Amino acid sequence: MKVLVIGGGNMGLTYAEAIAKSRFLKDRDLLILDASKEKTEELRKKSHFAVYESLNDCVPIADVIFIAVKPYHAQALMEDLKPLVSEGQIFISLMAGVTIQALKNGLGRNKVVRAMPNLPAQVGKGLTSFTASDEVSRLELSTVENLLDTTGRSVRLDTENDVDASTGISGSGPAYIFYFMQSMLEAARKMGFSEHDSKVLVEQTFAGAVELFASSDLDPEAWMNRVASKGGTTRAALDSMEDNNVKALIQEAAYAAFNRAVELGKEYSDSDA
Ligand SMILES: NC(=O)C1=CN([C@@H]2O[C@H](COP(=O)(O)OP(=O)(O)OC[C@H]3O[C@@H](n4cnc5c(N)ncnc54)[C@H](O)[C@@H]3O)[C@@H](O)[C@H]2O)C=CC1
Ligand SMILES: O=C(O)[C@@H]1CCC=N1
């Protein structure tokens, strides 16, 4: 089986490297292509995949094709791909918002998977949600799942709306955590800690909390209660967050991402024209 990754940026390269590391494929069976000359040079310095410059040379020989370009490049890419693709090839799109119907129309093919990865894939801790068109068989789905799992874990969802919703939780979610980290770092600096100490305080606090959470079935509220003593410091902080509606604001942010994913889907569904 040959797997082609189109777009060697953050996500495409992350996937290509994870698949390469997994030894799921032989080295020369992993193909990659990026439109940028600079990126292509960078890719050539890595030895574990075959770097291509022309779609004509790699698309016809691939069994599975990852599409990892920005959504606004989808239309132009699909126009270039359409005359080169063939029956039986499976397309896995990592693009936010681009719908299965837009992909089917744009490519003129039916075996399409729409996946939403997240950035921790870079360290093997990614979460990729996905859904597939009916034309992808059970056997093919298990190949897809194996490929996605090379970057961490995957969750198969029933509908595209679920994929859009998961974009608001896991796809964009790492950025919310970084936002929280940044807020804590700024608070630490304001309190007078050095850059180094602020980083240690924040980093270890996040790492420790995540590990605790993963170590048992307790929900976050139960953990909050274990940290907070009655009338103590944590309660003062949690009360302040509740008074300021922080929870509702975070939920609103997650919905903003979800809604944007739906909106992107509408913007890019013109690709069937
Ligand atoms: N960065 C993230 O955390 C996440 C990104 N995604 C999705 O992944 C996709 C890629 O995002 P990034 O990797 O962050 O973008 P990026 O900008 O780092 O990489 C995209 C690459 O595609 C290349 N490219 C553009 N047009 C091309 C074409 N016609 N043929 C070949 N290569 C082409 C560009 O040169 C660039 O290297 C996006 O559609 C985004 O929605 C999804 C979830 C998370
Ligand atoms: O911001 C974006 O549109 C992409 C999709 C999820 C994470 N990054």
# chains A, B, ... in the order shown; residues from 1 in each chain; ligands from 1
$ residues_near_ligand --ligand "ligand 2" --cutoff "10 Å" --atoms "only C-alpha atoms and all ligand atoms" --output "list of chain:residue names"
A:Met11, A:Lys70, A:Pro71, A:Leu94, A:Met95, A:Ala96, A:Gly97, A:Met116, A:Pro117, A:Asn118, A:Leu119, A:Asp164, A:Ser166, A:Thr167, A:Gly168, A:Ile169, A:Ser170, A:Gly171, A:Ser172, A:Gly173, A:Pro174, A:Ala175, A:Ala257, A:Phe258, A:Arg260, A:Ala261, A:Leu264
$ write_last_selection --atoms "C-alpha atoms" --output "PDB file, in the first residue's frame"
ATOM      1  CA  MET A  11      -0.401  18.617  10.118  1.00  0.00           C
ATOM      2  CA  LYS A  70      -5.442  24.912   4.223  1.00  0.00           C
ATOM      3  CA  PRO A  71      -9.171  24.876   3.448  1.00  0.00           C
ATOM      4  CA  LEU A  94      -7.605  16.872   7.415  1.00  0.00           C
ATOM      5  CA  MET A  95      -9.096  20.222   6.412  1.00  0.00           C
ATOM      6  CA  ALA A  96     -11.396  22.025   8.821  1.00  0.00           C
ATOM      7  CA  GLY A  97     -14.898  22.529   7.501  1.00  0.00           C
ATOM      8  CA  MET A 116     -10.205  16.499  12.370  1.00  0.00           C
ATOM      9  CA  PRO A 117      -6.829  16.030  14.041  1.00  0.00           C
ATOM     10  CA  ASN A 118      -5.233  18.141  16.734  1.00  0.00           C
ATOM     11  CA  LEU A 119      -1.731  19.470  17.309  1.00  0.00           C
ATOM     12  CA  ASP A 164     -17.659  20.104  13.311  1.00  0.00           C
ATOM     13  CA  SER A 166     -15.410  17.987  17.825  1.00  0.00           C
ATOM     14  CA  THR A 167     -13.472  20.777  16.117  1.00  0.00           C
ATOM     15  CA  GLY A 168     -14.720  23.047  18.901  1.00  0.00           C
ATOM     16  CA  ILE A 169     -13.519  20.611  21.568  1.00  0.00           C
ATOM     17  CA  SER A 170     -10.464  18.642  20.468  1.00  0.00           C
ATOM     18  CA  GLY A 171      -9.438  20.264  17.147  1.00  0.00           C
ATOM     19  CA  SER A 172      -9.123  23.817  18.420  1.00  0.00           C
ATOM     20  CA  GLY A 173      -9.020  22.766  22.089  1.00  0.00           C
ATOM     21  CA  PRO A 174      -5.231  22.686  22.552  1.00  0.00           C
ATOM     22  CA  ALA A 175      -5.256  26.449  21.867  1.00  0.00           C
ATOM     23  CA  ALA A 257     -15.152  27.215  16.888  1.00  0.00           C
ATOM     24  CA  PHE A 258     -17.962  24.705  16.192  1.00  0.00           C
ATOM     25  CA  ARG A 260     -16.988  28.512  12.424  1.00  0.00           C
ATOM     26  CA  ALA A 261     -16.400  24.915  11.272  1.00  0.00           C
ATOM     27  CA  LEU A 264     -16.369  27.040   6.628  1.00  0.00           C
TER      28      LEU A 264
END
$ residues_around --residues "segment 22-26 of chain A" --least-positions-apart "3" --cutoff "8 Å" --atoms "only C-alpha atoms" --output "list in words"
Met1, Lys2, Ala18, Ile19, Asp29, Leu30, Leu147 and Thr150 of chain A
$ write_last_selection --atoms "C-alpha atoms" --output "PDB file, in the first residue's frame"
ATOM      1  CA  MET A   1       0.000   0.000   0.000  1.00  0.00           C
ATOM      2  CA  LYS A   2       1.257   3.494  -0.870  1.00  0.00           C
ATOM      3  CA  ALA A  18       4.007   9.462  12.601  1.00  0.00           C
ATOM      4  CA  ILE A  19       3.182   6.988   9.843  1.00  0.00           C
ATOM      5  CA  ASP A  29       5.686   3.620   0.237  1.00  0.00           C
ATOM      6  CA  LEU A  30       5.160   6.900   2.043  1.00  0.00           C
ATOM      7  CA  LEU A 147      -3.193   5.294   9.859  1.00  0.00           C
ATOM      8  CA  THR A 150      -0.238   6.497  14.402  1.00  0.00           C
TER       9      THR A 150
END
$ closest_residue --among "A:Asp27, A:Asp162, A:Glu17, A:Glu53" --to "ligand 1" --atoms "only C-alpha atoms and all ligand atoms"
A:Glu53
$ closest_residue --among "A:Glu140, A:Asp63, A:Asp80, A:Asp239" --to "ligand 1" --atoms "only C-alpha atoms and all ligand atoms"
A:Asp80
$ residues_around --residues "Val64 of chain A" --least-positions-apart "6" --cutoff "6 Å" --atoms "only C-alpha atoms" --output "ChimeraX atom specification"
/A:3,89-91
$ write_last_selection --atoms "N, CA and C atoms" --output "PDB file, in the first residue's frame"
ATOM      1  N   VAL A   3       0.924   5.420   0.571  1.00  0.00           N
ATOM      2  CA  VAL A   3       0.182   6.530   1.166  1.00  0.00           C
ATOM      3  C   VAL A   3       0.849   7.832   0.743  1.00  0.00           C
ATOM      4  N   GLN A  89      -9.194   4.594  -4.838  1.00  0.00           N
ATOM      5  CA  GLN A  89      -8.338   5.394  -3.944  1.00  0.00           C
ATOM      6  C   GLN A  89      -9.166   5.962  -2.792  1.00  0.00           C
ATOM      7  N   ILE A  90      -8.535   6.038  -1.624  1.00  0.00           N
ATOM      8  CA  ILE A  90      -9.220   6.596  -0.446  1.00  0.00           C
ATOM      9  C   ILE A  90      -8.599   7.956  -0.144  1.00  0.00           C
ATOM     10  N   PHE A  91      -9.448   8.944   0.066  1.00  0.00           N
ATOM     11  CA  PHE A  91      -8.978  10.303   0.364  1.00  0.00           C
ATOM     12  C   PHE A  91      -9.292  10.624   1.814  1.00  0.00           C
TER      13      PHE A  91
END
$ closest_residue --among "A:Leu84, A:Leu4, A:Leu141, A:Gly12" --to "Val51 of chain A" --atoms "only C-alpha atoms"
A:Leu4
$ closest_residue --among "A:Ser137, A:Asn105, A:Asn10, A:Ser47" --to "Ser269 of chain A" --atoms "only C-alpha atoms"
A:Asn105
$ select_by_dssp --residues "segment 42-256 of chain A" --states "helix (DSSP H, G or I)" --output "number ranges by chain"
A: 42-44, 55-61, 71-84, 100-107, 119-123, 138-149, 160-171, 173-190, 195-214, 220-227, 233-243, 246-256
$ write_last_selection --atoms "C-alpha atoms" --output "tab-separated table (two decimals), in the first residue's frame"
chain	number	residue	atom	x	y	z
A	42	GLU	CA	13.11	20.83	3.97
A	43	LEU	CA	11.24	17.58	3.27
A	44	ARG	CA	14.14	16.30	1.18
A	55	LEU	CA	1.10	15.48	-8.66
A	56	ASN	CA	1.28	13.58	-11.96
A	57	ASP	CA	4.08	11.40	-10.61
A	58	CYS	CA	2.64	10.47	-7.22
A	59	VAL	CA	-1.17	10.68	-7.29
A	60	PRO	CA	-1.80	7.82	-9.75
A	61	ILE	CA	0.35	5.37	-7.73
A	71	PRO	CA	-9.17	24.88	3.45
A	72	TYR	CA	-8.80	27.89	1.14
A	73	HIS	CA	-6.37	25.91	-1.02
A	74	ALA	CA	-8.75	22.95	-1.31
A	75	GLN	CA	-10.57	24.08	-4.42
A	76	ALA	CA	-7.45	24.70	-6.51
A	77	LEU	CA	-5.85	21.45	-5.35
A	78	MET	CA	-8.94	19.37	-6.11
A	79	GLU	CA	-9.10	20.82	-9.62
A	80	ASP	CA	-5.53	19.64	-10.16
A	81	LEU	CA	-6.24	16.25	-8.61
A	82	LYS	CA	-9.47	15.43	-10.41
A	83	PRO	CA	-7.95	14.24	-13.72
A	84	LEU	CA	-5.34	12.15	-11.89
A	100	ILE	CA	-17.59	15.18	2.36
A	101	GLN	CA	-19.93	16.32	-0.41
A	102	ALA	CA	-17.54	19.11	-1.43
A	103	LEU	CA	-14.69	16.58	-1.48
A	104	LYS	CA	-16.70	14.07	-3.51
A	105	ASN	CA	-17.69	16.74	-5.99
A	106	GLY	CA	-14.26	18.32	-6.12
A	107	LEU	CA	-12.45	15.03	-6.66
A	119	LEU	CA	-1.73	19.47	17.31
A	120	PRO	CA	-0.61	17.08	20.12
A	121	ALA	CA	-0.34	14.61	17.23
A	122	GLN	CA	3.18	16.05	16.99
A	123	VAL	CA	4.09	14.22	20.20
A	138	ARG	CA	-15.30	-1.75	6.71
A	139	LEU	CA	-11.91	-3.12	5.76
A	140	GLU	CA	-10.84	0.24	4.35
A	141	LEU	CA	-12.09	1.95	7.51
A	142	SER	CA	-9.83	-0.21	9.60
A	143	THR	CA	-6.84	0.78	7.43
A	144	VAL	CA	-7.86	4.43	7.85
A	145	GLU	CA	-8.14	3.99	11.60
A	146	ASN	CA	-4.70	2.39	11.77
A	147	LEU	CA	-3.19	5.29	9.86
A	148	LEU	CA	-4.91	7.92	12.04
A	149	ASP	CA	-3.93	6.09	15.22
A	160	GLU	CA	-20.21	15.53	9.86
A	161	ASN	CA	-21.98	17.75	12.35
A	162	ASP	CA	-20.24	15.70	15.05
A	163	VAL	CA	-16.91	16.37	13.34
A	164	ASP	CA	-17.66	20.10	13.31
A	165	ALA	CA	-18.59	19.90	17.00
A	166	SER	CA	-15.41	17.99	17.82
A	167	THR	CA	-13.47	20.78	16.12
A	168	GLY	CA	-14.72	23.05	18.90
A	169	ILE	CA	-13.52	20.61	21.57
A	170	SER	CA	-10.46	18.64	20.47
A	171	GLY	CA	-9.44	20.26	17.15
A	173	GLY	CA	-9.02	22.77	22.09
A	174	PRO	CA	-5.23	22.69	22.55
A	175	ALA	CA	-5.26	26.45	21.87
A	176	TYR	CA	-7.70	26.98	24.75
A	177	ILE	CA	-5.33	25.15	27.08
A	178	PHE	CA	-2.45	27.33	25.86
A	179	TYR	CA	-4.63	30.38	26.48
A	180	PHE	CA	-5.19	29.24	30.06
A	181	MET	CA	-1.45	28.58	30.43
A	182	GLN	CA	-0.63	32.02	29.08
A	183	SER	CA	-3.06	33.64	31.54
A	184	MET	CA	-1.43	31.76	34.43
A	185	LEU	CA	2.05	32.70	33.18
A	186	GLU	CA	1.07	36.37	33.01
A	187	ALA	CA	-0.36	36.20	36.54
A	188	ALA	CA	2.88	34.59	37.80
A	189	ARG	CA	5.00	37.29	36.14
A	190	LYS	CA	2.79	40.00	37.65
A	195	GLU	CA	10.48	33.95	33.49
A	196	HIS	CA	12.10	30.64	34.43
A	197	ASP	CA	10.21	30.17	37.69
A	198	SER	CA	6.88	31.20	36.12
A	199	LYS	CA	7.37	28.54	33.45
A	200	VAL	CA	8.22	25.83	35.98
A	201	LEU	CA	5.25	26.72	38.20
A	202	VAL	CA	2.79	26.68	35.32
A	203	GLU	CA	4.20	23.75	33.36
A	204	GLN	CA	4.39	21.38	36.28
A	205	THR	CA	0.93	22.40	37.51
A	206	PHE	CA	-0.65	21.58	34.14
A	207	ALA	CA	1.29	18.35	33.73
A	208	GLY	CA	0.45	17.21	37.26
A	209	ALA	CA	-3.25	18.04	36.97
A	210	VAL	CA	-3.58	16.21	33.64
A	211	GLU	CA	-1.81	13.16	35.04
A	212	LEU	CA	-4.03	13.12	38.13
A	213	PHE	CA	-7.13	13.40	35.97
A	214	ALA	CA	-5.98	10.49	33.79
A	220	PRO	CA	-12.88	17.43	37.30
A	221	GLU	CA	-15.34	18.73	39.87
A	222	ALA	CA	-14.35	16.01	42.33
A	223	TRP	CA	-10.70	16.92	41.76
A	224	MET	CA	-11.49	20.60	42.29
A	225	ASN	CA	-13.05	19.70	45.61
A	226	ARG	CA	-9.94	17.78	46.61
A	227	VAL	CA	-7.82	20.86	46.02
A	233	THR	CA	-7.43	29.91	48.75
A	234	THR	CA	-8.70	27.64	45.96
A	235	ARG	CA	-12.31	28.31	46.89
A	236	ALA	CA	-11.55	32.03	46.62
A	237	ALA	CA	-10.19	31.47	43.09
A	238	LEU	CA	-13.03	29.16	42.00
A	239	ASP	CA	-15.65	31.56	43.38
A	240	SER	CA	-14.01	34.37	41.44
A	241	MET	CA	-14.21	32.30	38.23
A	242	GLU	CA	-17.85	31.42	38.88
A	243	ASP	CA	-18.71	35.06	39.63
A	246	VAL	CA	-15.62	31.82	33.14
A	247	LYS	CA	-17.21	28.41	32.50
A	248	ALA	CA	-19.93	29.89	30.31
A	249	LEU	CA	-17.36	31.95	28.42
A	250	ILE	CA	-15.23	28.88	27.70
A	251	GLN	CA	-18.29	27.04	26.45
A	252	GLU	CA	-19.14	30.03	24.27
A	253	ALA	CA	-15.64	29.90	22.81
A	254	ALA	CA	-15.97	26.19	22.02
A	255	TYR	CA	-19.27	26.91	20.25
A	256	ALA	CA	-17.63	29.76	18.32
$ select_by_dssp --residues "segment 3-251 of chain A" --states "strand (DSSP E)" --output "NGL selection string"
:A and (3-6 or 30-33 or 50-52 or 64-67 or 90-93 or 112-116 or 126-132 or 152-156)
